[in-house]
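Structure file work-v8.cif; described as mmCIF, C-alpha atoms.
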```cif
data_entry
#
loop_
_atom_site.label_atom_id
_atom_site.label_comp_id
_atom_site.auth_asym_id
_atom_site.auth_seq_id
_atom_site.Cartn_x
_atom_site.Cartn_y
_atom_site.Cartn_z
CA MET O 1 98.80 149.29 122.33
CA PHE O 2 95.16 148.62 121.51
CA THR O 3 95.62 149.42 117.82
CA GLY O 4 98.72 147.22 117.78
CA LEU O 5 96.56 144.33 118.93
CA LEU O 6 93.99 145.15 116.27
CA ASP O 7 96.74 145.23 113.62
CA THR O 8 97.92 141.79 114.66
CA LEU O 9 94.36 140.52 114.50
CA GLN O 10 93.90 142.04 111.08
CA ARG O 11 97.10 140.42 109.79
CA LEU O 12 95.93 137.08 111.10
CA GLY O 13 92.55 137.55 109.47
CA ARG O 14 94.08 138.57 106.18
CA ALA O 15 96.47 135.60 106.15
CA TRP O 16 93.52 133.31 106.84
CA LEU O 17 91.39 134.85 104.09
CA ASP O 18 94.31 134.77 101.65
CA PHE O 19 94.81 131.11 102.39
CA PHE O 20 91.20 130.26 101.57
CA ASN O 21 91.25 132.56 98.60
CA ARG O 22 94.19 130.65 97.16
CA LEU O 23 92.64 127.33 98.02
CA GLY O 24 89.44 128.33 96.23
CA ARG O 25 91.34 129.55 93.19
CA GLY O 26 93.35 126.34 93.17
CA ASN O 27 90.18 124.27 93.15
CA LEU O 28 88.49 126.31 90.42
CA PHE O 29 91.70 126.06 88.43
CA LEU O 30 91.70 122.28 88.91
CA LEU O 31 88.12 122.07 87.61
CA HIS O 32 89.15 124.15 84.60
CA VAL O 33 92.10 121.82 83.92
CA LEU O 34 89.98 118.70 84.30
CA ALA O 35 87.46 120.16 81.87
CA GLY O 36 90.31 120.61 79.40
CA LEU O 37 91.43 116.97 79.58
CA PRO O 38 88.94 115.45 77.08
CA GLY O 39 90.12 117.88 74.39
CA LEU O 40 93.59 116.39 74.77
CA LEU O 41 92.49 113.23 73.02
CA LEU O 42 92.56 115.19 69.78
CA ARG O 43 96.06 116.48 70.50
CA VAL O 44 97.96 113.46 71.73
CA ARG O 45 101.22 114.88 70.41
CA LEU O 46 101.18 117.62 73.06
CA LEU O 47 100.74 114.97 75.74
CA VAL O 48 103.57 112.82 74.38
CA GLN O 49 105.90 115.80 74.40
CA GLN O 50 105.05 116.56 78.02
CA ILE O 51 105.42 112.94 79.12
CA TYR O 52 108.87 113.12 77.60
CA SER O 53 109.90 116.20 79.55
CA VAL O 54 108.16 115.19 82.79
CA GLY O 55 108.60 111.42 82.80
CA VAL O 56 111.45 110.34 80.57
CA LEU O 57 113.79 113.07 81.72
CA SER O 58 113.11 112.12 85.37
CA LEU O 59 113.99 108.52 84.64
CA LEU O 60 117.69 108.78 85.36
CA ILE O 61 117.37 110.27 88.85
CA ILE O 62 114.62 107.74 89.71
CA LEU O 63 116.69 104.78 88.51
CA VAL O 64 119.85 105.85 90.33
CA SER O 65 118.17 106.84 93.59
CA GLY O 66 115.96 103.74 93.55
CA LEU O 67 118.99 101.52 93.20
CA PHE O 68 120.86 103.26 96.00
CA VAL O 69 117.90 103.42 98.36
CA GLY O 70 117.40 99.68 97.88
CA MET O 71 121.08 99.00 98.45
CA VAL O 72 121.14 101.06 101.65
CA LEU O 73 118.02 99.28 102.89
CA GLY O 74 119.71 95.96 102.23
CA LEU O 75 122.86 96.99 104.03
CA GLN O 76 121.17 98.52 107.09
CA GLY O 77 118.46 95.88 107.33
CA TYR O 78 121.08 93.14 107.28
CA ARG O 79 122.98 94.71 110.20
CA THR O 80 119.86 94.59 112.37
CA LEU O 81 118.41 91.30 111.21
CA VAL O 82 121.62 89.29 111.44
CA ASP O 83 121.68 89.81 115.22
CA TYR O 84 118.48 87.78 115.46
CA GLY O 85 119.53 85.22 112.89
CA ALA O 86 116.73 86.44 110.67
CA GLU O 87 118.75 87.73 107.74
CA GLU O 88 116.58 85.67 105.38
CA SER O 89 113.80 88.15 106.11
CA LEU O 90 115.87 90.86 104.44
CA GLY O 91 113.86 90.52 101.24
CA VAL O 92 110.61 91.04 103.13
CA MET O 93 111.94 94.15 104.81
CA VAL O 94 113.35 95.68 101.64
CA ALA O 95 110.30 94.90 99.52
CA LEU O 96 107.69 96.02 102.02
CA SER O 97 109.40 99.28 102.90
CA LEU O 98 109.90 100.07 99.22
CA VAL O 99 106.49 99.07 97.92
CA ARG O 100 104.46 100.52 100.76
CA GLU O 101 106.34 103.67 101.67
CA LEU O 102 109.64 104.61 100.12
CA GLY O 103 108.71 103.93 96.50
CA PRO O 104 105.75 106.32 96.34
CA VAL O 105 107.06 108.88 98.83
CA VAL O 106 110.66 109.28 97.69
CA THR O 107 109.57 109.21 94.05
CA ALA O 108 107.04 111.95 94.76
CA LEU O 109 109.66 114.08 96.51
CA LEU O 110 112.16 113.61 93.68
CA PHE O 111 109.39 114.18 91.16
CA ALA O 112 108.46 117.46 92.85
CA GLY O 113 112.08 118.57 92.76
CA ARG O 114 112.89 117.39 89.25
CA ALA O 115 109.63 117.79 87.31
CA GLY O 116 107.35 119.91 89.49
CA SER O 117 109.79 122.79 89.82
CA ALA O 118 110.44 122.72 86.08
CA LEU O 119 106.71 122.84 85.36
CA THR O 120 106.21 125.81 87.69
CA ALA O 121 109.17 127.71 86.30
CA GLU O 122 108.13 127.08 82.71
CA ILE O 123 104.51 128.10 83.18
CA GLY O 124 105.46 131.00 85.44
CA LEU O 125 107.90 132.34 82.87
CA MET O 126 105.27 131.95 80.16
CA LYS O 127 103.03 134.11 82.29
CA ALA O 128 105.76 136.63 83.09
CA THR O 129 106.62 137.04 79.41
CA GLU O 130 102.90 137.33 78.62
CA GLN O 131 102.80 134.28 76.39
CA LEU O 132 99.70 133.09 78.19
CA SER O 133 97.96 136.43 77.64
CA GLY O 134 99.08 136.26 74.02
CA MET O 135 97.34 132.93 73.63
CA GLU O 136 94.18 134.37 75.15
CA MET O 137 94.38 137.19 72.60
CA MET O 138 94.39 134.57 69.86
CA ALA O 139 91.34 132.92 71.47
CA VAL O 140 93.38 129.90 72.51
CA ASP O 141 92.61 128.78 76.05
CA PRO O 142 96.05 128.52 77.71
CA VAL O 143 94.68 126.18 80.36
CA LYS O 144 93.66 123.69 77.67
CA ARG O 145 96.65 124.22 75.44
CA VAL O 146 99.46 124.55 78.02
CA ILE O 147 98.31 123.36 81.44
CA ALA O 148 96.13 120.34 80.72
CA PRO O 149 98.79 118.31 78.82
CA ARG O 150 101.34 119.01 81.55
CA PHE O 151 98.91 118.03 84.27
CA LEU O 152 97.93 114.78 82.59
CA ALA O 153 101.57 113.97 81.79
CA GLY O 154 102.53 114.32 85.44
CA PHE O 155 99.54 112.28 86.52
CA ILE O 156 100.48 109.45 84.13
CA SER O 157 104.24 109.56 84.74
CA MET O 158 104.28 109.51 88.52
CA PRO O 159 102.85 105.98 89.13
CA LEU O 160 105.13 104.58 86.43
CA LEU O 161 108.14 106.25 87.98
CA ALA O 162 107.18 104.98 91.44
CA ALA O 163 106.84 101.42 90.11
CA ILE O 164 110.26 101.69 88.46
CA PHE O 165 111.72 103.05 91.69
CA SER O 166 110.36 100.15 93.74
CA ALA O 167 111.40 97.49 91.24
CA VAL O 168 114.92 98.87 90.90
CA GLY O 169 115.12 99.25 94.68
CA VAL O 170 114.19 95.62 95.30
CA TYR O 171 116.82 94.64 92.77
CA GLY O 172 119.37 96.85 94.54
CA GLY O 173 118.47 95.25 97.85
CA SER O 174 119.01 91.79 96.44
CA LEU O 175 122.28 92.93 94.90
CA VAL O 176 123.64 93.92 98.30
CA GLY O 177 121.88 91.26 100.34
CA VAL O 178 122.43 88.24 98.11
CA ASN O 179 125.56 89.03 96.14
CA LEU O 180 127.49 91.04 98.70
CA LEU O 181 126.38 89.90 102.15
CA GLY O 182 125.59 86.31 101.24
CA VAL O 183 121.92 85.97 102.17
CA ASP O 184 120.50 82.86 100.55
CA GLU O 185 118.95 83.84 97.24
CA GLY O 186 116.04 81.41 97.40
CA ALA O 187 115.07 82.46 100.92
CA PHE O 188 115.41 86.13 100.01
CA TRP O 189 112.91 85.91 97.16
CA SER O 190 110.56 83.26 98.52
CA GLN O 191 110.09 84.96 101.90
CA MET O 192 109.48 88.18 100.05
CA GLN O 193 106.89 86.55 97.85
CA SER O 194 105.06 84.97 100.75
CA ALA O 195 104.96 88.20 102.77
CA VAL O 196 104.12 90.79 100.10
CA GLU O 197 100.53 90.68 99.00
CA LEU O 198 99.36 91.88 95.64
CA GLU O 199 96.04 93.38 96.74
CA LYS O 200 97.18 94.82 100.01
CA ASP O 201 100.71 96.03 99.42
CA ILE O 202 101.27 96.51 95.72
CA TYR O 203 97.84 97.94 94.85
CA ASN O 204 97.95 100.29 97.81
CA GLY O 205 101.43 101.44 96.84
CA VAL O 206 100.18 102.19 93.34
CA VAL O 207 97.15 104.03 94.73
CA LYS O 208 99.50 106.12 96.85
CA SER O 209 101.66 107.02 93.88
CA ILE O 210 98.59 107.99 91.84
CA VAL O 211 97.39 110.29 94.63
CA PHE O 212 100.86 111.82 95.01
CA GLY O 213 101.17 112.31 91.25
CA PHE O 214 97.84 114.12 91.21
CA VAL O 215 98.70 116.38 94.14
CA VAL O 216 102.26 117.23 93.12
CA THR O 217 101.33 118.04 89.54
CA TRP O 218 98.34 120.05 90.65
CA ILE O 219 100.48 122.14 93.01
CA ALA O 220 103.16 122.60 90.34
CA VAL O 221 100.88 123.80 87.54
CA PHE O 222 98.79 125.94 89.87
CA GLU O 223 101.82 127.68 91.37
CA GLY O 224 103.08 128.36 87.86
CA TYR O 225 99.74 129.67 86.65
CA ASP O 226 99.17 131.73 89.80
CA THR O 227 102.65 133.21 89.96
CA VAL O 228 103.34 136.92 90.35
CA PRO O 229 104.66 137.73 86.84
CA THR O 230 108.10 138.96 87.80
CA SER O 231 111.42 137.13 88.01
CA GLU O 232 111.18 137.19 91.79
CA GLY O 233 107.63 135.87 91.62
CA VAL O 234 108.70 132.94 89.45
CA SER O 235 111.53 132.06 91.78
CA ARG O 236 109.18 132.18 94.78
CA ALA O 237 106.57 130.10 93.02
CA THR O 238 109.17 127.46 92.19
CA THR O 239 110.32 127.31 95.79
CA ARG O 240 106.72 127.07 96.98
CA THR O 241 106.06 124.21 94.61
CA VAL O 242 108.84 122.11 96.07
CA VAL O 243 108.05 122.99 99.70
CA HIS O 244 104.29 122.59 99.43
CA SER O 245 104.57 119.39 97.41
CA ALA O 246 106.90 117.87 99.99
CA LEU O 247 104.60 118.85 102.85
CA ALA O 248 101.50 117.63 101.03
CA VAL O 249 103.14 114.32 100.11
CA LEU O 250 104.38 113.59 103.61
CA GLY O 251 101.11 114.63 105.24
CA LEU O 252 98.98 112.68 102.79
CA ASP O 253 101.26 109.70 103.19
CA PHE O 254 100.43 109.52 106.87
CA VAL O 255 96.71 109.78 106.17
CA LEU O 256 96.82 107.17 103.41
CA THR O 257 98.96 104.81 105.48
CA ALA O 258 96.56 105.13 108.41
CA LEU O 259 93.62 104.37 106.10
CA MET O 260 95.29 101.49 104.26
CA PHE O 261 97.40 99.72 106.86
CA GLY O 262 96.12 101.26 110.08
CA GLU O 263 93.83 98.47 111.22
CA VAL O 264 96.43 95.71 111.09
CA MET D 1 109.90 114.25 61.73
CA ASP D 2 113.08 112.90 63.28
CA ARG D 3 112.70 114.80 66.53
CA THR D 4 109.10 113.77 67.17
CA ARG D 5 109.97 110.21 66.27
CA VAL D 6 112.82 110.08 68.79
CA LEU D 7 110.59 111.71 71.35
CA GLU D 8 107.82 109.21 70.84
CA ILE D 9 110.21 106.28 71.00
CA TRP D 10 111.52 107.55 74.32
CA VAL D 11 108.03 107.95 75.70
CA GLY D 12 107.11 104.48 74.49
CA LEU D 13 110.23 103.09 76.16
CA PHE D 14 109.36 104.91 79.39
CA VAL D 15 105.81 103.58 79.49
CA ALA D 16 106.99 100.06 78.66
CA LEU D 17 109.60 100.26 81.42
CA GLY D 18 106.99 101.45 83.90
CA LEU D 19 104.60 98.65 83.01
CA ALA D 20 107.44 96.12 83.15
CA ALA D 21 108.30 97.38 86.64
CA LEU D 22 104.68 96.96 87.75
CA PHE D 23 104.64 93.48 86.24
CA MET D 24 107.89 92.60 88.00
CA LEU D 25 106.47 93.83 91.31
CA ALA D 26 103.35 91.75 90.81
CA MET D 27 105.08 88.56 89.68
CA GLN D 28 108.45 88.58 91.43
CA VAL D 29 107.87 90.49 94.63
CA SER D 30 104.29 89.67 95.60
CA ASN D 31 102.50 86.42 96.29
CA LEU D 32 100.72 86.31 92.93
CA SER D 33 102.98 83.61 91.54
CA THR D 34 103.08 81.47 94.67
CA LEU D 35 99.35 81.21 95.23
CA GLY D 36 97.64 78.86 92.81
CA GLN D 37 97.38 80.15 89.27
CA GLY D 38 93.92 81.67 89.54
CA ASN D 39 92.45 78.45 90.91
CA GLY D 40 89.82 78.56 93.59
CA THR D 41 90.17 77.43 97.14
CA TYR D 42 88.01 75.37 99.42
CA THR D 43 87.50 75.70 103.12
CA LEU D 44 88.27 73.29 105.93
CA GLU D 45 87.71 73.85 109.60
CA ALA D 46 89.85 72.85 112.53
CA ARG D 47 89.22 73.29 116.25
CA PHE D 48 92.08 73.91 118.62
CA ASP D 49 92.22 74.23 122.41
CA ASN D 50 94.85 76.92 122.06
CA ILE D 51 96.08 78.56 118.89
CA GLY D 52 98.93 80.50 120.51
CA GLY D 53 99.92 83.37 118.25
CA LEU D 54 98.32 82.09 115.04
CA LYS D 55 97.03 84.92 112.87
CA VAL D 56 94.70 85.26 109.93
CA ARG D 57 96.60 84.78 106.63
CA ALA D 58 99.14 82.47 108.27
CA PRO D 59 100.32 79.71 105.90
CA VAL D 60 98.87 76.20 105.82
CA SER D 61 101.35 73.57 104.77
CA VAL D 62 101.53 69.86 104.15
CA ALA D 63 104.90 68.14 104.35
CA GLY D 64 106.43 71.61 104.31
CA VAL D 65 104.70 72.61 101.08
CA ARG D 66 102.46 75.62 101.30
CA VAL D 67 98.94 74.69 100.21
CA GLY D 68 96.79 77.52 101.54
CA ARG D 69 96.25 80.03 104.28
CA VAL D 70 94.23 80.71 107.40
CA THR D 71 91.22 82.83 106.49
CA GLY D 72 89.40 83.14 109.76
CA ILE D 73 89.81 82.61 113.49
CA GLU D 74 86.81 82.54 115.78
CA TYR D 75 86.06 81.54 119.31
CA ASP D 76 83.28 79.02 119.91
CA ILE D 77 81.47 80.00 123.10
CA SER D 78 79.82 76.61 123.58
CA THR D 79 82.92 74.41 123.42
CA PHE D 80 85.49 77.03 124.54
CA GLU D 81 87.62 76.24 121.53
CA ALA D 82 89.16 78.28 118.76
CA VAL D 83 87.69 77.56 115.33
CA VAL D 84 90.24 78.10 112.57
CA GLU D 85 89.09 78.35 108.98
CA LEU D 86 91.62 77.08 106.43
CA ALA D 87 91.40 77.98 102.75
CA VAL D 88 93.22 75.26 100.83
CA ASP D 89 94.10 75.47 97.16
CA GLU D 90 91.86 73.32 94.97
CA ASP D 91 94.98 71.83 93.40
CA TYR D 92 95.61 70.08 96.68
CA ALA D 93 92.18 68.62 97.33
CA GLU D 94 91.51 65.11 98.60
CA PHE D 95 93.00 64.90 102.03
CA PRO D 96 92.13 61.67 103.88
CA ARG D 97 89.44 61.93 106.54
CA ASP D 98 91.83 61.32 109.40
CA THR D 99 94.17 64.15 108.48
CA SER D 100 95.44 65.91 111.55
CA ALA D 101 96.24 69.59 112.01
CA GLN D 102 98.96 71.03 114.21
CA ILE D 103 100.15 74.53 114.90
CA PHE D 104 103.89 74.88 114.56
CA THR D 105 106.29 77.77 114.75
CA ALA D 106 108.70 78.51 111.92
CA GLY D 107 112.02 78.81 113.69
CA LEU D 108 112.34 79.59 117.37
CA LEU D 109 110.51 82.91 117.31
CA GLY D 110 109.10 82.88 113.78
CA GLU D 111 105.50 83.12 112.66
CA GLN D 112 103.10 80.30 113.45
CA TYR D 113 101.53 78.15 110.78
CA VAL D 114 99.15 75.24 110.48
CA ALA D 115 100.68 71.95 109.39
CA LEU D 116 98.37 69.27 108.05
CA GLU D 117 99.40 65.66 108.31
CA PRO D 118 97.50 63.28 106.02
CA GLY D 119 96.29 60.04 107.56
CA GLY D 120 95.53 56.72 105.88
CA ALA D 121 91.75 56.68 105.56
CA MET D 122 90.10 56.00 102.20
CA GLU D 123 87.38 58.68 102.41
CA VAL D 124 88.47 62.24 101.75
CA LEU D 125 87.61 65.55 103.40
CA GLU D 126 84.88 67.46 101.58
CA PRO D 127 84.84 71.28 101.40
CA GLY D 128 83.54 72.67 104.68
CA ASP D 129 84.46 69.56 106.65
CA GLU D 130 86.08 69.70 110.01
CA ILE D 131 89.49 68.29 110.81
CA ARG D 132 88.98 66.22 113.97
CA LEU D 133 92.52 65.50 115.07
CA THR D 134 94.24 68.66 116.17
CA GLN D 135 97.18 69.56 118.33
CA SER D 136 97.40 72.95 119.96
CA ALA D 137 100.18 75.43 119.62
CA LEU D 138 103.12 75.18 121.94
CA VAL D 139 103.15 78.30 124.05
CA LEU D 140 106.71 79.13 124.96
CA GLU D 141 105.80 80.52 128.40
CA GLN D 142 104.03 77.29 129.35
CA ILE D 143 106.97 75.16 128.30
CA ILE D 144 109.41 77.31 130.25
CA GLY D 145 107.03 77.20 133.22
CA GLN D 146 106.82 73.42 133.12
CA PHE D 147 110.56 73.14 132.72
CA LEU D 148 111.24 75.35 135.71
CA TYR D 149 108.64 73.47 137.76
CA SER D 150 110.16 70.07 136.96
CA GLN D 151 113.64 71.41 137.67
CA ALA D 152 112.52 72.67 141.06
CA SER D 153 110.79 69.43 142.01
CA GLY D 154 113.82 67.45 140.77
CA ASP D 155 116.08 69.45 143.06
CA LYS D 156 113.93 68.68 146.08
CA GLU D 157 114.07 64.93 145.50
CA LYS D 158 117.83 65.02 145.73
#
```

Whole structure, C-alpha cells version:
Amino acid sequence: MFTGLLDTLQRLGRAWLDFFNRLGRGNLFLLHVLAGLPGLLLRVRLLVQQIYSVGVLSLLIILVSGLFVGMVLGLQGYRTLVDYGAEESLGVMVALSLVRELGPVVTALLFAGRAGSALTAEIGLMKATEQLSGMEMMAVDPVKRVIAPRFLAGFISMPLLAAIFSAVGVYGGSLVGVNLLGVDEGAFWSQMQSAVELEKDIYNGVVKSIVFGFVVTWIAVFEGYDTVPTSEGVSRATTRTVVHSALAVLGLDFVLTALMFGEV
Amino acid sequence: MDRTRVLEIWVGLFVALGLAALFMLAMQVSNLSTLGQGNGTYTLEARFDNIGGLKVRAPVSVAGVRVGRVTGIEYDISTFEAVVELAVDEDYAEFPRDTSAQIFTAGLLGEQYVALEPGGAMEVLEPGDEIRLTQSALVLEQIIGQFLYSQASGDKEK
C-alpha cells in the first residue's frame, strides 16, 4: 500500500522531469537551428526547395478551405443578421472573424496537418534510416543542412498562407452574401472597410500567423529530430506533432487575442 | 535544370500570391483606402451635455461624407460636460466658425457618429478650435420615458 503510493509519486515525478527534459532539449535545439539560419543565405536553393514542399504544396488545401470557410460564414452570418435588418454588416462580420481569428488559426491547424506532419515524418525517417548520423560522419551538420531550411521555410510560408486564406475567405463571403443572398455590394465592402482597421486588425492577424508559423514548425522539426528511430516512433512523433501543434495554436491564440484585443 | 526552374517558378508564384493577398487585405478589406491618402489630420473640439453611446474611433461626417473620426472623449469636471476630440482629414479643412456638431445614430440601433453642419460665417475653424454649437445625443430611454409621460398625462386630460 505504502510502496504503491511511492510508485505513483515516482511516476508523477518522472513524468514531470521528462516534460522539462524535453522542453529543455527543444529549446537547445531551437537555438541550434537559429544559429544555422545565417548559413542558409549561401544555400538559397535548399530553402526554395523546402518552401515548395511546405508552402506551395499546401496552397490547394488553403485555397479550398479558405473559400468554403468564408462561404459558410457568409451563409450563417446572414441568417442571424437578417433578423435584425443588419445584413449589410455581413462584410464586417466575415472580414473581422477571418482576419482576426479564423485566418491564422485554421491555417495553422491545416498547416500542422498538411506540412507539419510531413516534416516530422521526413526528418524522423531520416533519423530512423541513419541518414542524419551519416551526415554527421561526413562532418555535415544535419541541423544546418536538413533542419534549418525546413524551419525557415515553414516560418516564411505560414503568414503567406494565412493571408491567402483570409483574402480568399473574404471573397467567398462576398460570393455568398452579395451574389447569392443579395446583400448590397457597396454596403458589404464599404462597411467592411470602415470597420476593419489596418493597424489593429490586419497587423495583429499577421503577427498571430507569424507566431503560429514559428511554433508549429518548431514543434514539427523538433518532434522529427527527437523521434525514437523506429517505425513506431516515427508514427508516434507524427501524431504528437499534429496534436501538440493544435493545442499550442489554440492556447496561444487565446493568449494573443487577450493581449491584442482584450482591452476593448 | 528544368526541375529546379519549375520549382522556383512555383515558389515565386506562391510568394507573389501571398503578398497579393496581404495587399488585398490592406487595400480592399481595411480602412487604408478610405482614410485620406497618407494626409495628416487636424483636431477640433466639441463639448456636449450628453454623448450617449459615442465611442472613440466613431466616424465624423459632413453631409453624410466621412471626413474623420473621434480620437478622444473626456469629461470636464468644471463644466460637467463631455469634451470630444475630433480628428478631421486635412483635405476637408476650412469649416466656417459657426459649424455645429450633433451626435446621430446610424439606423435605429446602429453606432453613433458625429455629424458636422457647416454654417455661413466667413472665418474658418483653426486646428484646435472648439465647435460652439452642439446638440447632444438622443438617448432612446429618455425619449421613450418622455413619450410614456406625455401619453399618461394626455389620458388624464380626457

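Minimum atom-to-atom distance to Ser65 (chain O), evaluated using only C-alpha atoms, belongs to O:Ala162 out of O:Ala112, O:Leu41, O:Leu23, O:Ala162.
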
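CA of Leu25 (chain D) to CA of Gly55 (chain O) spans 19.7 Å [interatomic distance, one decimal].
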
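The nearest approach to Leu109 (chain O) among the residues O:Phe68, O:Phe29, O:Phe212, O:Phe20, with only C-alpha atoms taken into account, belongs to O:Phe212.
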
**Q.** Residues matched by the PyMOL selection byres ((chain D) within 12 of (chain O)), written as JSON, numbers by chain
**A.** {"D": [3, 4, 5, 6, 7, 8, 9, 10, 11, 12, 13, 14, 15, 16, 17, 18, 19, 20, 21, 22, 23, 24, 25, 26, 27, 28, 29, 30, 31, 32, 33, 34, 35, 55, 56, 57, 58, 59, 60, 66, 67, 68, 69, 106, 107, 108, 109, 110, 111]}

Can you spit out the residues from that selection as a PDB file, in the coordinates of the input, using C-alpha atoms?
```pdb
ATOM      1  CA  ARG D   3     112.700 114.800  66.530  1.00  0.00           C
ATOM      2  CA  THR D   4     109.100 113.770  67.170  1.00  0.00           C
ATOM      3  CA  ARG D   5     109.970 110.210  66.270  1.00  0.00           C
ATOM      4  CA  VAL D   6     112.820 110.080  68.790  1.00  0.00           C
ATOM      5  CA  LEU D   7     110.590 111.710  71.350  1.00  0.00           C
ATOM      6  CA  GLU D   8     107.820 109.210  70.840  1.00  0.00           C
ATOM      7  CA  ILE D   9     110.210 106.280  71.000  1.00  0.00           C
ATOM      8  CA  TRP D  10     111.520 107.550  74.320  1.00  0.00           C
ATOM      9  CA  VAL D  11     108.030 107.950  75.700  1.00  0.00           C
ATOM     10  CA  GLY D  12     107.110 104.480  74.490  1.00  0.00           C
ATOM     11  CA  LEU D  13     110.230 103.090  76.160  1.00  0.00           C
ATOM     12  CA  PHE D  14     109.360 104.910  79.390  1.00  0.00           C
ATOM     13  CA  VAL D  15     105.810 103.580  79.490  1.00  0.00           C
ATOM     14  CA  ALA D  16     106.990 100.060  78.660  1.00  0.00           C
ATOM     15  CA  LEU D  17     109.600 100.260  81.420  1.00  0.00           C
ATOM     16  CA  GLY D  18     106.990 101.450  83.900  1.00  0.00           C
ATOM     17  CA  LEU D  19     104.600  98.650  83.010  1.00  0.00           C
ATOM     18  CA  ALA D  20     107.440  96.120  83.150  1.00  0.00           C
ATOM     19  CA  ALA D  21     108.300  97.380  86.640  1.00  0.00           C
ATOM     20  CA  LEU D  22     104.680  96.960  87.750  1.00  0.00           C
ATOM     21  CA  PHE D  23     104.640  93.480  86.240  1.00  0.00           C
ATOM     22  CA  MET D  24     107.890  92.600  88.000  1.00  0.00           C
ATOM     23  CA  LEU D  25     106.470  93.830  91.310  1.00  0.00           C
ATOM     24  CA  ALA D  26     103.350  91.750  90.810  1.00  0.00           C
ATOM     25  CA  MET D  27     105.080  88.560  89.680  1.00  0.00           C
ATOM     26  CA  GLN D  28     108.450  88.580  91.430  1.00  0.00           C
ATOM     27  CA  VAL D  29     107.870  90.490  94.630  1.00  0.00           C
ATOM     28  CA  SER D  30     104.290  89.670  95.600  1.00  0.00           C
ATOM     29  CA  ASN D  31     102.500  86.420  96.290  1.00  0.00           C
ATOM     30  CA  LEU D  32     100.720  86.310  92.930  1.00  0.00           C
ATOM     31  CA  SER D  33     102.980  83.610  91.540  1.00  0.00           C
ATOM     32  CA  THR D  34     103.080  81.470  94.670  1.00  0.00           C
ATOM     33  CA  LEU D  35      99.350  81.210  95.230  1.00  0.00           C
ATOM     34  CA  LYS D  55      97.030  84.920 112.870  1.00  0.00           C
ATOM     35  CA  VAL D  56      94.700  85.260 109.930  1.00  0.00           C
ATOM     36  CA  ARG D  57      96.600  84.780 106.630  1.00  0.00           C
ATOM     37  CA  ALA D  58      99.140  82.470 108.270  1.00  0.00           C
ATOM     38  CA  PRO D  59     100.320  79.710 105.900  1.00  0.00           C
ATOM     39  CA  VAL D  60      98.870  76.200 105.820  1.00  0.00           C
ATOM     40  CA  ARG D  66     102.460  75.620 101.300  1.00  0.00           C
ATOM     41  CA  VAL D  67      98.940  74.690 100.210  1.00  0.00           C
ATOM     42  CA  GLY D  68      96.790  77.520 101.540  1.00  0.00           C
ATOM     43  CA  ARG D  69      96.250  80.030 104.280  1.00  0.00           C
ATOM     44  CA  ALA D 106     108.700  78.510 111.920  1.00  0.00           C
ATOM     45  CA  GLY D 107     112.020  78.810 113.690  1.00  0.00           C
ATOM     46  CA  LEU D 108     112.340  79.590 117.370  1.00  0.00           C
ATOM     47  CA  LEU D 109     110.510  82.910 117.310  1.00  0.00           C
ATOM     48  CA  GLY D 110     109.100  82.880 113.780  1.00  0.00           C
ATOM     49  CA  GLU D 111     105.500  83.120 112.660  1.00  0.00           C
TER      50      GLU D 111
END
```

Let me have the centre and edge lengths of the axis-aligned box enclosing all listed atoms of region 109-125 of chain O with 8 Å padding on every side, in Å to one decimal, as JSON.
```
{"center_x": 108.7, "center_y": 123.0, "center_z": 89.6, "size_x": 24.4, "size_y": 34.7, "size_z": 29.8}
```

Tell me which protein, DNA and RNA residues are within 6 Å of Thr41 (chain D), counting all atoms listed in the file, leaving out same-chain ones fewer than 2 positions away, and put them as an mmCIF file with C-alpha atoms, keeping the file's coordinate frame.
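Output file part_34.cif follows:
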```cif
data_model
loop_
_atom_site.group_PDB
_atom_site.id
_atom_site.type_symbol
_atom_site.label_atom_id
_atom_site.label_comp_id
_atom_site.auth_asym_id
_atom_site.auth_seq_id
_atom_site.Cartn_x
_atom_site.Cartn_y
_atom_site.Cartn_z
ATOM 1 C CA ALA D 87 91.400 77.980 102.750
ATOM 2 C CA VAL D 88 93.220 75.260 100.830
ATOM 3 C CA ASP D 89 94.100 75.470 97.160
ATOM 4 C CA GLU D 90 91.860 73.320 94.970
#
```

Q.
Measuring between only C-alpha atoms, which one of D:Tyr92, D:Leu54, D:Thr99, D:Val65 shows the shortest distance to Asp129 (chain D)?
A. D:Thr99

**Q.** Picked residues, the PyMOL selection byres ((chain O and resi 105) around 12), expected as a ChimeraX atom specification
**A.** /O:62,66,97-104,106-112,158-159,161-163,165-166,205-213,216,245-254,256-257

Q. Could you pull the residues within 6 Å of region 140-151 of chain O, counting only C-alpha atoms, minus those fewer than 3 positions along the same chain, as JSON, numbers by chain?
A. {"O": [33, 36, 37, 47, 50, 132, 135, 136, 154, 217]}

Q: In Å, rounded to a single decimal, give me how far CA of Leu175 (chain O) is from CA of Leu67 (chain O).
A: 9.4 Å

Q.
Counting all atoms listed in the file, find residues at most 8 Å from (89.1, 71.6, 112.7) (file frame) and give them as a PyMOL selection string.
A. chain D and resi 44-48+83-85+101+129-134

**Q.** Answer key for the PyMOL selection byres ((chain D and resi 117) around 10), residues as an MDAnalysis selection string
**A.** chainID D and resid 61:63 95:96 98:102 114:116 118:119 133:134

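If you look at CA of Leu86 (chain D) and CA of Thr43 (chain D), they are 5.5 Å away from each other.
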